[in-house]
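Next comes model36.cif, a file with mmCIF, C-alpha atoms.
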data_coords
loop_
_atom_site.group_PDB
_atom_site.id
_atom_site.type_symbol
_atom_site.label_atom_id
_atom_site.label_comp_id
_atom_site.auth_asym_id
_atom_site.auth_seq_id
_atom_site.Cartn_x
_atom_site.Cartn_y
_atom_site.Cartn_z
ATOM 1 C CA MET D 1 -8.660 32.453 -28.123
ATOM 2 C CA ASN D 2 -4.920 32.401 -28.743
ATOM 3 C CA ARG D 3 -2.868 29.306 -29.542
ATOM 4 C CA SER D 4 -1.470 28.951 -26.012
ATOM 5 C CA THR D 5 -4.952 28.941 -24.474
ATOM 6 C CA SER D 6 -6.147 26.408 -27.038
ATOM 7 C CA ARG D 7 -3.302 24.049 -26.185
ATOM 8 C CA THR D 8 -4.092 24.387 -22.505
ATOM 9 C CA TRP D 9 -7.734 23.470 -23.085
ATOM 10 C CA ILE D 10 -6.760 20.519 -25.269
ATOM 11 C CA LYS D 11 -4.322 19.198 -22.663
ATOM 12 C CA THR D 12 -6.958 19.605 -19.950
ATOM 13 C CA ALA D 13 -9.569 17.771 -22.026
ATOM 14 C CA VAL D 14 -7.174 14.936 -22.812
ATOM 15 C CA GLY D 15 -6.186 14.692 -19.145
ATOM 16 C CA LEU D 16 -9.820 14.532 -18.045
ATOM 17 C CA LEU D 17 -10.592 11.889 -20.674
ATOM 18 C CA LEU D 18 -7.679 9.690 -19.632
ATOM 19 C CA THR D 19 -8.592 10.123 -15.967
ATOM 20 C CA ALA D 20 -12.194 9.110 -16.697
ATOM 21 C CA ILE D 21 -11.005 6.006 -18.565
ATOM 22 C CA MET D 22 -8.711 4.969 -15.706
ATOM 23 C CA LEU D 23 -11.381 5.572 -13.052
ATOM 24 C CA PHE D 24 -14.217 3.884 -14.951
ATOM 25 C CA PRO D 25 -13.514 0.433 -13.401
ATOM 26 C CA VAL D 26 -13.798 2.027 -9.958
ATOM 27 C CA TYR D 27 -17.076 3.685 -10.914
ATOM 28 C CA TRP D 28 -18.431 0.428 -12.334
ATOM 29 C CA MET D 29 -17.429 -1.436 -9.174
ATOM 30 C CA ILE D 30 -19.442 1.029 -7.090
ATOM 31 C CA ASN D 31 -22.354 0.874 -9.558
ATOM 32 C CA VAL D 32 -22.529 -2.922 -9.441
ATOM 33 C CA SER D 33 -22.244 -2.915 -5.635
ATOM 34 C CA LEU D 34 -25.516 -0.947 -5.514
ATOM 35 C CA THR D 35 -27.346 -2.962 -8.194
ATOM 36 C CA ARG D 36 -30.057 -5.498 -7.332
ATOM 37 C CA ASP D 37 -29.490 -9.164 -8.200
ATOM 38 C CA GLN D 38 -32.405 -9.205 -10.659
ATOM 39 C CA ASP D 39 -30.927 -6.237 -12.558
ATOM 40 C CA MET D 40 -27.412 -7.696 -12.747
ATOM 41 C CA ARG D 41 -27.850 -9.341 -16.186
ATOM 42 C CA LYS D 42 -29.928 -6.568 -17.658
ATOM 43 C CA SER D 43 -29.031 -5.674 -21.255
ATOM 44 C CA PRO D 44 -28.013 -2.978 -21.766
ATOM 45 C CA PRO D 45 -26.885 -2.509 -18.159
ATOM 46 C CA ASP D 46 -27.876 0.580 -16.207
ATOM 47 C CA LEU D 47 -25.143 3.171 -16.042
ATOM 48 C CA LEU D 48 -26.596 4.238 -12.689
ATOM 49 C CA PRO D 49 -28.162 2.063 -9.966
ATOM 50 C CA VAL D 50 -31.744 3.073 -10.769
ATOM 51 C CA HIS D 51 -33.175 0.701 -8.161
ATOM 52 C CA GLY D 52 -30.245 0.815 -5.786
ATOM 53 C CA THR D 53 -29.825 -1.526 -2.847
ATOM 54 C CA LEU D 54 -27.464 -1.700 0.134
ATOM 55 C CA ALA D 55 -27.872 -5.445 0.539
ATOM 56 C CA GLY D 56 -24.302 -6.039 -0.590
ATOM 57 C CA TYR D 57 -22.916 -3.686 2.054
ATOM 58 C CA ARG D 58 -25.032 -5.341 4.749
ATOM 59 C CA THR D 59 -23.493 -8.649 3.723
ATOM 60 C CA VAL D 60 -20.024 -7.099 4.045
ATOM 61 C CA LEU D 61 -20.751 -5.959 7.596
ATOM 62 C CA ASP D 62 -22.051 -9.402 8.493
ATOM 63 C CA GLU D 63 -19.293 -11.519 6.942
ATOM 64 C CA GLN D 64 -16.175 -9.519 6.078
ATOM 65 C CA LEU D 65 -15.361 -7.464 9.187
ATOM 66 C CA PRO D 66 -13.021 -10.115 10.699
ATOM 67 C CA TYR D 67 -10.987 -10.155 7.476
ATOM 68 C CA LEU D 68 -10.814 -6.358 7.460
ATOM 69 C CA GLY D 69 -9.682 -6.298 11.084
ATOM 70 C CA THR D 70 -6.936 -8.824 10.386
ATOM 71 C CA SER D 71 -5.722 -6.801 7.391
ATOM 72 C CA LEU D 72 -5.642 -3.642 9.500
ATOM 73 C CA VAL D 73 -3.521 -5.335 12.188
ATOM 74 C CA ILE D 74 -1.168 -6.782 9.572
ATOM 75 C CA GLY D 75 -0.885 -3.422 7.784
ATOM 76 C CA LEU D 76 -0.080 -1.467 10.927
ATOM 77 C CA GLY D 77 2.357 -4.126 12.112
ATOM 78 C CA THR D 78 4.119 -4.069 8.744
ATOM 79 C CA VAL D 79 4.417 -0.284 8.914
ATOM 80 C CA VAL D 80 5.965 -0.348 12.394
ATOM 81 C CA LEU D 81 8.427 -3.121 11.575
ATOM 82 C CA THR D 82 9.400 -1.534 8.260
ATOM 83 C CA VAL D 83 10.123 1.889 9.781
ATOM 84 C CA VAL D 84 12.006 0.395 12.756
ATOM 85 C CA LEU D 85 14.307 -1.582 10.451
ATOM 86 C CA SER D 86 14.711 0.750 7.490
ATOM 87 C CA ALA D 87 15.107 4.176 9.141
ATOM 88 C CA PRO D 88 18.349 3.327 11.018
ATOM 89 C CA ALA D 89 19.646 1.480 7.942
ATOM 90 C CA GLY D 90 18.976 4.492 5.722
ATOM 91 C CA TYR D 91 20.681 6.783 8.245
ATOM 92 C CA ALA D 92 23.743 4.546 8.332
ATOM 93 C CA LEU D 93 24.013 4.394 4.544
ATOM 94 C CA ALA D 94 23.413 8.131 4.111
ATOM 95 C CA LYS D 95 25.526 9.607 6.900
ATOM 96 C CA LEU D 96 27.733 7.012 8.570
ATOM 97 C CA ARG D 97 29.050 5.611 5.262
ATOM 98 C CA PRO D 98 29.809 2.052 6.435
ATOM 99 C CA ARG D 99 32.238 -0.122 4.502
ATOM 100 C CA GLY D 100 30.391 -2.010 1.794
ATOM 101 C CA GLY D 101 27.498 0.440 1.767
ATOM 102 C CA GLY D 102 27.433 0.626 -2.022
ATOM 103 C CA ILE D 103 27.204 -3.160 -2.309
ATOM 104 C CA LEU D 104 24.416 -3.219 0.270
ATOM 105 C CA SER D 105 22.458 -0.619 -1.693
ATOM 106 C CA PHE D 106 22.817 -2.730 -4.836
ATOM 107 C CA VAL D 107 21.654 -5.831 -2.956
ATOM 108 C CA LEU D 108 18.586 -3.959 -1.675
ATOM 109 C CA LEU D 109 17.785 -2.849 -5.207
ATOM 110 C CA ALA D 110 18.183 -6.384 -6.533
ATOM 111 C CA ALA D 111 16.021 -7.784 -3.734
ATOM 112 C CA GLN D 112 13.033 -5.895 -5.105
ATOM 113 C CA MET D 113 13.306 -7.874 -8.341
ATOM 114 C CA ILE D 114 12.825 -11.285 -6.697
ATOM 115 C CA PRO D 115 9.365 -12.680 -7.569
ATOM 116 C CA GLY D 116 7.051 -12.789 -4.590
ATOM 117 C CA ILE D 117 6.100 -16.428 -5.102
ATOM 118 C CA ILE D 118 9.749 -17.477 -4.717
ATOM 119 C CA MET D 119 10.002 -15.590 -1.431
ATOM 120 C CA ALA D 120 6.680 -17.097 -0.322
ATOM 121 C CA MET D 121 7.976 -20.622 -0.892
ATOM 122 C CA GLY D 122 11.087 -19.819 1.144
ATOM 123 C CA PHE D 123 9.012 -18.404 3.979
ATOM 124 C CA TYR D 124 6.736 -21.452 3.884
ATOM 125 C CA ALA D 125 9.659 -23.804 4.474
ATOM 126 C CA ILE D 126 11.002 -21.640 7.327
ATOM 127 C CA TYR D 127 7.616 -21.047 8.964
ATOM 128 C CA LEU D 128 6.812 -24.748 8.802
ATOM 129 C CA GLN D 129 9.799 -25.390 11.055
ATOM 130 C CA LEU D 130 9.128 -22.443 13.367
ATOM 131 C CA GLY D 131 5.378 -22.951 13.689
ATOM 132 C CA LEU D 132 4.540 -19.525 12.216
ATOM 133 C CA LEU D 133 2.231 -20.681 9.453
ATOM 134 C CA GLN D 134 -1.287 -19.197 9.591
ATOM 135 C CA THR D 135 -0.221 -16.530 12.106
ATOM 136 C CA VAL D 136 -0.465 -12.751 11.995
ATOM 137 C CA PRO D 137 3.185 -12.159 13.091
ATOM 138 C CA GLY D 138 4.339 -14.442 10.289
ATOM 139 C CA LEU D 139 2.464 -12.389 7.701
ATOM 140 C CA ILE D 140 3.784 -9.127 9.158
ATOM 141 C CA VAL D 141 7.382 -10.315 8.817
ATOM 142 C CA ALA D 142 6.775 -11.630 5.292
ATOM 143 C CA ASP D 143 5.074 -8.430 4.097
ATOM 144 C CA SER D 144 7.878 -6.350 5.602
ATOM 145 C CA THR D 145 10.378 -8.038 3.304
ATOM 146 C CA LEU D 146 8.608 -6.361 0.392
ATOM 147 C CA ALA D 147 8.692 -2.923 2.000
ATOM 148 C CA VAL D 148 12.080 -2.794 3.744
ATOM 149 C CA PRO D 149 14.383 -2.694 0.644
ATOM 150 C CA PHE D 150 12.314 0.106 -0.906
ATOM 151 C CA ALA D 151 12.089 1.916 2.440
ATOM 152 C CA VAL D 152 15.860 1.828 3.002
ATOM 153 C CA LEU D 153 16.449 3.398 -0.409
ATOM 154 C CA ILE D 154 13.869 6.114 0.300
ATOM 155 C CA PHE D 155 15.367 6.915 3.718
ATOM 156 C CA THR D 156 18.890 6.929 2.281
ATOM 157 C CA ALA D 157 17.944 9.377 -0.460
ATOM 158 C CA PHE D 158 16.056 11.653 1.935
ATOM 159 C CA MET D 159 18.633 11.646 4.740
ATOM 160 C CA SER D 160 21.442 12.351 2.286
ATOM 161 C CA GLY D 161 19.903 15.792 1.838
ATOM 162 C CA ILE D 162 20.087 16.685 5.534
ATOM 163 C CA PRO D 163 22.861 19.272 6.021
ATOM 164 C CA GLY D 164 26.003 17.789 7.509
ATOM 165 C CA GLU D 165 26.493 20.930 9.586
ATOM 166 C CA LEU D 166 23.514 19.949 11.762
ATOM 167 C CA LEU D 167 24.998 16.559 12.497
ATOM 168 C CA GLN D 168 28.408 18.070 13.162
ATOM 169 C CA ALA D 169 26.857 20.559 15.598
ATOM 170 C CA ALA D 170 25.141 17.708 17.418
ATOM 171 C CA LYS D 171 28.423 15.818 17.605
ATOM 172 C CA THR D 172 30.135 18.920 19.008
ATOM 173 C CA ASP D 173 27.452 19.101 21.712
ATOM 174 C CA GLY D 174 28.273 15.534 22.720
ATOM 175 C CA ALA D 175 25.504 13.654 20.950
ATOM 176 C CA GLY D 176 26.413 10.200 19.676
ATOM 177 C CA PRO D 177 25.150 8.637 16.430
ATOM 178 C CA LEU D 178 22.054 7.158 18.104
ATOM 179 C CA ARG D 179 21.073 10.409 19.837
ATOM 180 C CA THR D 180 21.695 12.362 16.635
ATOM 181 C CA PHE D 181 19.497 9.956 14.675
ATOM 182 C CA TRP D 182 16.652 10.036 17.198
ATOM 183 C CA SER D 183 16.662 13.767 18.007
ATOM 184 C CA ILE D 184 17.633 15.368 14.686
ATOM 185 C CA VAL D 185 17.584 13.043 11.683
ATOM 186 C CA LEU D 186 14.317 11.202 12.327
ATOM 187 C CA PRO D 187 12.184 14.308 13.066
ATOM 188 C CA MET D 188 13.525 15.944 9.882
ATOM 189 C CA SER D 189 12.628 12.829 7.889
ATOM 190 C CA ARG D 190 8.894 13.090 8.489
ATOM 191 C CA ASN D 191 8.057 13.063 4.779
ATOM 192 C CA ALA D 192 10.118 9.933 4.236
ATOM 193 C CA VAL D 193 8.497 8.227 7.242
ATOM 194 C CA VAL D 194 5.022 8.978 5.879
ATOM 195 C CA THR D 195 5.998 7.781 2.398
ATOM 196 C CA VAL D 196 7.487 4.535 3.668
ATOM 197 C CA SER D 197 4.530 3.948 5.996
ATOM 198 C CA LEU D 198 2.038 4.502 3.204
ATOM 199 C CA PHE D 199 3.686 2.146 0.740
ATOM 200 C CA GLY D 200 4.283 -0.471 3.425
ATOM 201 C CA PHE D 201 0.619 -0.362 4.411
ATOM 202 C CA LEU D 202 -0.592 -0.528 0.811
ATOM 203 C CA TRP D 203 1.654 -3.485 -0.018
ATOM 204 C CA SER D 204 0.538 -5.466 3.021
ATOM 205 C CA TRP D 205 -3.126 -4.509 2.562
ATOM 206 C CA SER D 206 -3.196 -5.706 -1.058
ATOM 207 C CA ASP D 207 -0.939 -8.748 -0.632
ATOM 208 C CA PHE D 208 -2.373 -12.020 -1.892
ATOM 209 C CA VAL D 209 0.652 -14.220 -2.622
ATOM 210 C CA PHE D 210 1.995 -14.304 0.947
ATOM 211 C CA ALA D 211 -1.517 -14.441 2.400
ATOM 212 C CA SER D 212 -2.630 -17.439 0.328
ATOM 213 C CA THR D 213 0.661 -19.281 0.837
ATOM 214 C CA LEU D 214 1.310 -18.588 4.514
ATOM 215 C CA ALA D 215 -2.144 -17.951 6.019
ATOM 216 C CA GLY D 216 -4.620 -19.841 3.827
ATOM 217 C CA GLY D 217 -7.077 -21.882 5.871
ATOM 218 C CA GLY D 218 -6.046 -20.293 9.153
ATOM 219 C CA ALA D 219 -8.144 -18.530 11.747
ATOM 220 C CA HIS D 220 -6.774 -15.098 10.822
ATOM 221 C CA GLU D 221 -6.973 -14.323 7.109
ATOM 222 C CA PRO D 222 -6.650 -10.850 5.506
ATOM 223 C CA ILE D 223 -9.276 -9.231 3.318
ATOM 224 C CA THR D 224 -7.656 -10.391 0.083
ATOM 225 C CA LEU D 225 -8.405 -13.975 1.064
ATOM 226 C CA GLY D 226 -11.819 -12.932 2.306
ATOM 227 C CA ILE D 227 -12.699 -11.617 -1.140
ATOM 228 C CA TYR D 228 -11.203 -14.713 -2.769
ATOM 229 C CA HIS D 229 -13.272 -17.105 -0.639
ATOM 230 C CA TYR D 230 -16.342 -14.961 -1.055
ATOM 231 C CA ILE D 231 -16.149 -15.044 -4.841
ATOM 232 C CA GLY D 232 -15.828 -18.806 -4.752
ATOM 233 C CA ASN D 233 -18.812 -19.294 -2.441
ATOM 234 C CA ASN D 234 -21.167 -16.601 -3.748
ATOM 235 C CA ASN D 235 -20.308 -16.164 -7.395
ATOM 236 C CA GLN D 236 -23.858 -15.109 -8.289
ATOM 237 C CA GLU D 237 -24.137 -12.265 -5.740
ATOM 238 C CA TRP D 238 -22.029 -9.736 -7.588
ATOM 239 C CA ASN D 239 -23.372 -6.763 -5.671
ATOM 240 C CA ALA D 240 -22.022 -8.271 -2.430
ATOM 241 C CA ILE D 241 -18.704 -9.120 -4.076
ATOM 242 C CA MET D 242 -18.275 -5.591 -5.431
ATOM 243 C CA ALA D 243 -19.394 -4.068 -2.133
ATOM 244 C CA THR D 244 -16.617 -6.046 -0.435
ATOM 245 C CA ALA D 245 -14.122 -4.694 -2.967
ATOM 246 C CA VAL D 246 -15.334 -1.118 -2.389
ATOM 247 C CA VAL D 247 -15.041 -1.405 1.396
ATOM 248 C CA ALA D 248 -11.600 -3.006 1.078
ATOM 249 C CA SER D 249 -10.433 -0.135 -1.145
ATOM 250 C CA LEU D 250 -11.569 2.665 1.160
ATOM 251 C CA PRO D 251 -8.791 2.607 3.810
ATOM 252 C CA ALA D 252 -6.017 2.655 1.213
ATOM 253 C CA ALA D 253 -7.736 5.413 -0.790
ATOM 254 C CA VAL D 254 -8.323 7.617 2.270
ATOM 255 C CA ILE D 255 -4.750 7.207 3.511
ATOM 256 C CA LEU D 256 -3.366 7.971 0.050
ATOM 257 C CA VAL D 257 -5.382 11.186 -0.246
ATOM 258 C CA LEU D 258 -4.445 12.388 3.238
ATOM 259 C CA ALA D 259 -0.726 11.642 2.797
ATOM 260 C CA GLN D 260 -0.373 12.825 -0.807
ATOM 261 C CA ARG D 261 1.719 15.919 -0.137
ATOM 262 C CA TYR D 262 4.093 14.031 2.151
ATOM 263 C CA VAL D 263 4.515 11.280 -0.425
ATOM 264 C CA ALA D 264 5.350 13.791 -3.163
ATOM 265 C CA ALA D 265 8.108 15.244 -0.992
ATOM 266 C CA GLY D 266 9.345 11.852 0.165
ATOM 267 C CA VAL D 267 9.716 10.154 -3.227
ATOM 268 C CA THR D 268 11.496 13.156 -4.787
ATOM 269 C CA ALA D 269 13.992 13.524 -1.952
ATOM 270 C CA GLY D 270 17.561 13.472 -3.128
ATOM 271 C CA ALA D 271 16.615 14.171 -6.737
ATOM 272 C CA VAL D 272 18.072 17.687 -6.610
ATOM 273 C CA LYS D 273 21.286 18.598 -4.861
ATOM 274 C CA ASP D 274 22.241 22.116 -3.815
#
Translate the structure of the given file into structure tokens.
Amino acid sequence: MNRSTSRTWIKTAVGLLLTAIMLFPVYWMINVSLTRDQDMRKSPPDLLPVHGTLAGYRTVLDEQLPYLGTSLVIGLGTVVLTVVLSAPAGYALAKLRPRGGGILSFVLLAAQMIPGIIMAMGFYAIYLQLGLLQTVPGLIVADSTLAVPFAVLIFTAFMSGIPGELLQAAKTDGAGPLRTFWSIVLPMSRNAVVTVSLFGFLWSWSDFVFASTLAGGGAHEPITLGIYHYIGNNNQEWNAIMATAVVASLPAAVILVLAQRYVAAGVTAGAVKD
């Protein structure tokens, strides 16, 4: 075995080891979700659910489905609102070059550094006056504020790489800026749309700060609050708690796997110029 092959094997082994370490909490979450209550405090604990049970997952189906449904509605609503707002803004910054565009880009970058709790307090004061507390539309708007600045930067970077000759040809054929955006720019920005949609969904799905501040105690609470309440009320039934966490993680994991190749293209857009 030559030196190059040895290095390759070493790098592969190290990569597998680090991956196993990072994924161990996920494995342990699944293991505990299948463990019986009487085996929960066993010492040493079983590395596999020897006497596995699905009682925790039955509890999830009985108690957590409304929270999951609310999170799904909020996630999809956040995706739609984020794309509707950020795609035209990215097109304007990338191709129309409005006055003050550089300052706007800096403001969008700075907006991502504002702590979420500060934004939540601001939204609370506004929603209290508008009657939007403990409502799904209120959470959708709040979660979109996390995604829109990032989404505009992604769309700007991606659309900057679209050849100007295509836009000039569309203008020659009589297409205005709106028609050019809808018929040419947006279809070519599929990777960016998928990337923005994925991150917007993940941020809204995992949000806890906005949910606890703006929707706590309401009739429509997302799954993050469902898990939080469940831990407080059933802190001895760890298999049910972990089963809830597993079920809550599945939609995000599936979407991430399916959209991986689009995300890779979307986040690297604009990194290399011809």
* To do: Record the distance separating atom CA of Leu93 of chain D and atom CA of Met119 of chain D, expressed in Å with one decimal.
  =>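 Those two atoms sit 25.1 Å apart.
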* Shell around Ile30 of chain D at 12 Å using all atoms listed in the file, local window under 6 positions removed, as a list in words -> Leu23, Phe24, Leu47, Leu48, Pro49, Gly52, Thr53, Leu54, Gly56, Tyr57, Trp238, Asn239, Ala240, Ile241, Met242, Ala243, Thr244, Ala245, Val246, Val247, Ser249 and Leu250 of chain D
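When the distance limit is 10 Å and only C-alpha atoms are what count, the residues near Arg179 of chain D, minus those fewer than 6 positions from it on the same chain, are D:Ala170, D:Lys171, D:Val185.
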Output file for the residues above (C-alpha atoms, as a PDB file, keeping the file's coordinate frame):
ATOM      1  CA  ALA D 170      25.141  17.708  17.418  1.00  0.00           C
ATOM      2  CA  LYS D 171      28.423  15.818  17.605  1.00  0.00           C
ATOM      3  CA  VAL D 185      17.584  13.043  11.683  1.00  0.00           C
TER       4      VAL D 185
END
* Structure fact -> In terms of all atoms listed in the file, the residue from D:Val209, D:Trp182, D:Gly217, D:Ala259 at minimal distance from Ala87 of chain D is D:Trp182
Env of Arg41 of chain D: 12 Å cut, atoms = all atoms listed in the file, seq-sep filter 5 positions within chain, self excluded. Answer as a compact mmCIF listing (two decimals) with C-alpha atoms, in the coordinates of the input.
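Once everything was written out, this is around.txt:
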# COMPACT_ATOMS: atom_id res chain seq x y z
CA VAL D 32 -22.53 -2.92 -9.44
CA THR D 35 -27.35 -2.96 -8.19
CA ARG D 36 -30.06 -5.50 -7.33
CA ASP D 46 -27.88 0.58 -16.21
CA GLN D 236 -23.86 -15.11 -8.29
CA GLU D 237 -24.14 -12.26 -5.74
CA TRP D 238 -22.03 -9.74 -7.59
CA ASN D 239 -23.37 -6.76 -5.67
* When distances are computed from only C-alpha atoms, which of D:Gly122, D:His229, D:Ser204, D:Arg7 shows the smallest separation from Glu63 of chain D? ->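 Among the listed residues, the smallest separation from Glu63 of chain D belongs to D:His229.
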Mind working out the centre and edge lengths of an axis-aligned box for segment 30-39 of chain D, all listed atoms inside, 5 Å added to each side, rounded to one decimal in Å and written as lines of an AutoDock Vina configuration file?
center_x = -25.9
center_y = -4.1
center_z = -9.0
size_x = 23.0
size_y = 20.2
size_z = 17.0
* Got a sec: who's within 10 Å of Leu85 of chain D, counting only C-alpha atoms, leaving out chain neighbours fewer than 3 positions off, as number ranges by chain? -> D: 80-82, 88-90, 144, 148-149, 151-152
* To do: Pick out the closest residue to Val84 of chain D from this set: D:Gln38, D:Ser197, D:Thr135, D:Thr172. Count only C-alpha atoms.
  =>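 Smallest separation from Val84 of chain D among the options: D:Ser197.
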* Mind pulling up the distance from atom CA of Ile140 of chain D to atom CA of Leu178 of chain D? ->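 Atom-to-atom, atom CA of Leu178 of chain D to atom CA of Ile140 of chain D, that is 26.1 Å.
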* So what do you get for atom CA of Ala175 of chain D versus atom CA of Tyr91 of chain D, distance-wise? -> 15.2 Å
* **Result set of the PyMOL selection byres ((chain D and resi 192-195) around 12) on the coordinates above, as number ranges by chain** => D: 79-80, 82-88, 90-91, 147, 150-161, 185-191, 196-202, 255-256, 258-270
Residues as selected, C-alpha atoms, written as a PDB file, keeping the file's coordinate frame, can you do that?
ATOM      1  CA  VAL D  79       4.417  -0.284   8.914  1.00  0.00           C
ATOM      2  CA  VAL D  80       5.965  -0.348  12.394  1.00  0.00           C
ATOM      3  CA  THR D  82       9.400  -1.534   8.260  1.00  0.00           C
ATOM      4  CA  VAL D  83      10.123   1.889   9.781  1.00  0.00           C
ATOM      5  CA  VAL D  84      12.006   0.395  12.756  1.00  0.00           C
ATOM      6  CA  LEU D  85      14.307  -1.582  10.451  1.00  0.00           C
ATOM      7  CA  SER D  86      14.711   0.750   7.490  1.00  0.00           C
ATOM      8  CA  ALA D  87      15.107   4.176   9.141  1.00  0.00           C
ATOM      9  CA  PRO D  88      18.349   3.327  11.018  1.00  0.00           C
ATOM     10  CA  GLY D  90      18.976   4.492   5.722  1.00  0.00           C
ATOM     11  CA  TYR D  91      20.681   6.783   8.245  1.00  0.00           C
ATOM     12  CA  ALA D 147       8.692  -2.923   2.000  1.00  0.00           C
ATOM     13  CA  PHE D 150      12.314   0.106  -0.906  1.00  0.00           C
ATOM     14  CA  ALA D 151      12.089   1.916   2.440  1.00  0.00           C
ATOM     15  CA  VAL D 152      15.860   1.828   3.002  1.00  0.00           C
ATOM     16  CA  LEU D 153      16.449   3.398  -0.409  1.00  0.00           C
ATOM     17  CA  ILE D 154      13.869   6.114   0.300  1.00  0.00           C
ATOM     18  CA  PHE D 155      15.367   6.915   3.718  1.00  0.00           C
ATOM     19  CA  THR D 156      18.890   6.929   2.281  1.00  0.00           C
ATOM     20  CA  ALA D 157      17.944   9.377  -0.460  1.00  0.00           C
ATOM     21  CA  PHE D 158      16.056  11.653   1.935  1.00  0.00           C
ATOM     22  CA  MET D 159      18.633  11.646   4.740  1.00  0.00           C
ATOM     23  CA  SER D 160      21.442  12.351   2.286  1.00  0.00           C
ATOM     24  CA  GLY D 161      19.903  15.792   1.838  1.00  0.00           C
ATOM     25  CA  VAL D 185      17.584  13.043  11.683  1.00  0.00           C
ATOM     26  CA  LEU D 186      14.317  11.202  12.327  1.00  0.00           C
ATOM     27  CA  PRO D 187      12.184  14.308  13.066  1.00  0.00           C
ATOM     28  CA  MET D 188      13.525  15.944   9.882  1.00  0.00           C
ATOM     29  CA  SER D 189      12.628  12.829   7.889  1.00  0.00           C
ATOM     30  CA  ARG D 190       8.894  13.090   8.489  1.00  0.00           C
ATOM     31  CA  ASN D 191       8.057  13.063   4.779  1.00  0.00           C
ATOM     32  CA  VAL D 196       7.487   4.535   3.668  1.00  0.00           C
ATOM     33  CA  SER D 197       4.530   3.948   5.996  1.00  0.00           C
ATOM     34  CA  LEU D 198       2.038   4.502   3.204  1.00  0.00           C
ATOM     35  CA  PHE D 199       3.686   2.146   0.740  1.00  0.00           C
ATOM     36  CA  GLY D 200       4.283  -0.471   3.425  1.00  0.00           C
ATOM     37  CA  PHE D 201       0.619  -0.362   4.411  1.00  0.00           C
ATOM     38  CA  LEU D 202      -0.592  -0.528   0.811  1.00  0.00           C
ATOM     39  CA  ILE D 255      -4.750   7.207   3.511  1.00  0.00           C
ATOM     40  CA  LEU D 256      -3.366   7.971   0.050  1.00  0.00           C
ATOM     41  CA  LEU D 258      -4.445  12.388   3.238  1.00  0.00           C
ATOM     42  CA  ALA D 259      -0.726  11.642   2.797  1.00  0.00           C
ATOM     43  CA  GLN D 260      -0.373  12.825  -0.807  1.00  0.00           C
ATOM     44  CA  ARG D 261       1.719  15.919  -0.137  1.00  0.00           C
ATOM     45  CA  TYR D 262       4.093  14.031   2.151  1.00  0.00           C
ATOM     46  CA  VAL D 263       4.515  11.280  -0.425  1.00  0.00           C
ATOM     47  CA  ALA D 264       5.350  13.791  -3.163  1.00  0.00           C
ATOM     48  CA  ALA D 265       8.108  15.244  -0.992  1.00  0.00           C
ATOM     49  CA  GLY D 266       9.345  11.852   0.165  1.00  0.00           C
ATOM     50  CA  VAL D 267       9.716  10.154  -3.227  1.00  0.00           C
ATOM     51  CA  THR D 268      11.496  13.156  -4.787  1.00  0.00           C
ATOM     52  CA  ALA D 269      13.992  13.524  -1.952  1.00  0.00           C
ATOM     53  CA  GLY D 270      17.561  13.472  -3.128  1.00  0.00           C
TER      54      GLY D 270
END
Going by the chain IDs and residue numbers used in this file, which residues fall under the PyMOL selection byres ((chain D and resi 216) around 12)? Write them as a CSV table (one decimal) with C-alpha atoms, in the frame of the given file.
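Contents of part-v7.csv, freshly written:
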chain,number,residue,atom,x,y,z
D,124,TYR,CA,6.7,-21.5,3.9
D,133,LEU,CA,2.2,-20.7,9.5
D,134,GLN,CA,-1.3,-19.2,9.6
D,135,THR,CA,-0.2,-16.5,12.1
D,136,VAL,CA,-0.5,-12.8,12.0
D,139,LEU,CA,2.5,-12.4,7.7
D,208,PHE,CA,-2.4,-12.0,-1.9
D,209,VAL,CA,0.7,-14.2,-2.6
D,210,PHE,CA,2.0,-14.3,0.9
D,211,ALA,CA,-1.5,-14.4,2.4
D,212,SER,CA,-2.6,-17.4,0.3
D,213,THR,CA,0.7,-19.3,0.8
D,214,LEU,CA,1.3,-18.6,4.5
D,215,ALA,CA,-2.1,-18.0,6.0
D,217,GLY,CA,-7.1,-21.9,5.9
D,218,GLY,CA,-6.0,-20.3,9.2
D,219,ALA,CA,-8.1,-18.5,11.7
D,220,HIS,CA,-6.8,-15.1,10.8
D,221,GLU,CA,-7.0,-14.3,7.1
D,222,PRO,CA,-6.6,-10.8,5.5
D,223,ILE,CA,-9.3,-9.2,3.3
D,224,THR,CA,-7.7,-10.4,0.1
D,225,LEU,CA,-8.4,-14.0,1.1
D,226,GLY,CA,-11.8,-12.9,2.3
D,228,TYR,CA,-11.2,-14.7,-2.8
D,229,HIS,CA,-13.3,-17.1,-0.6
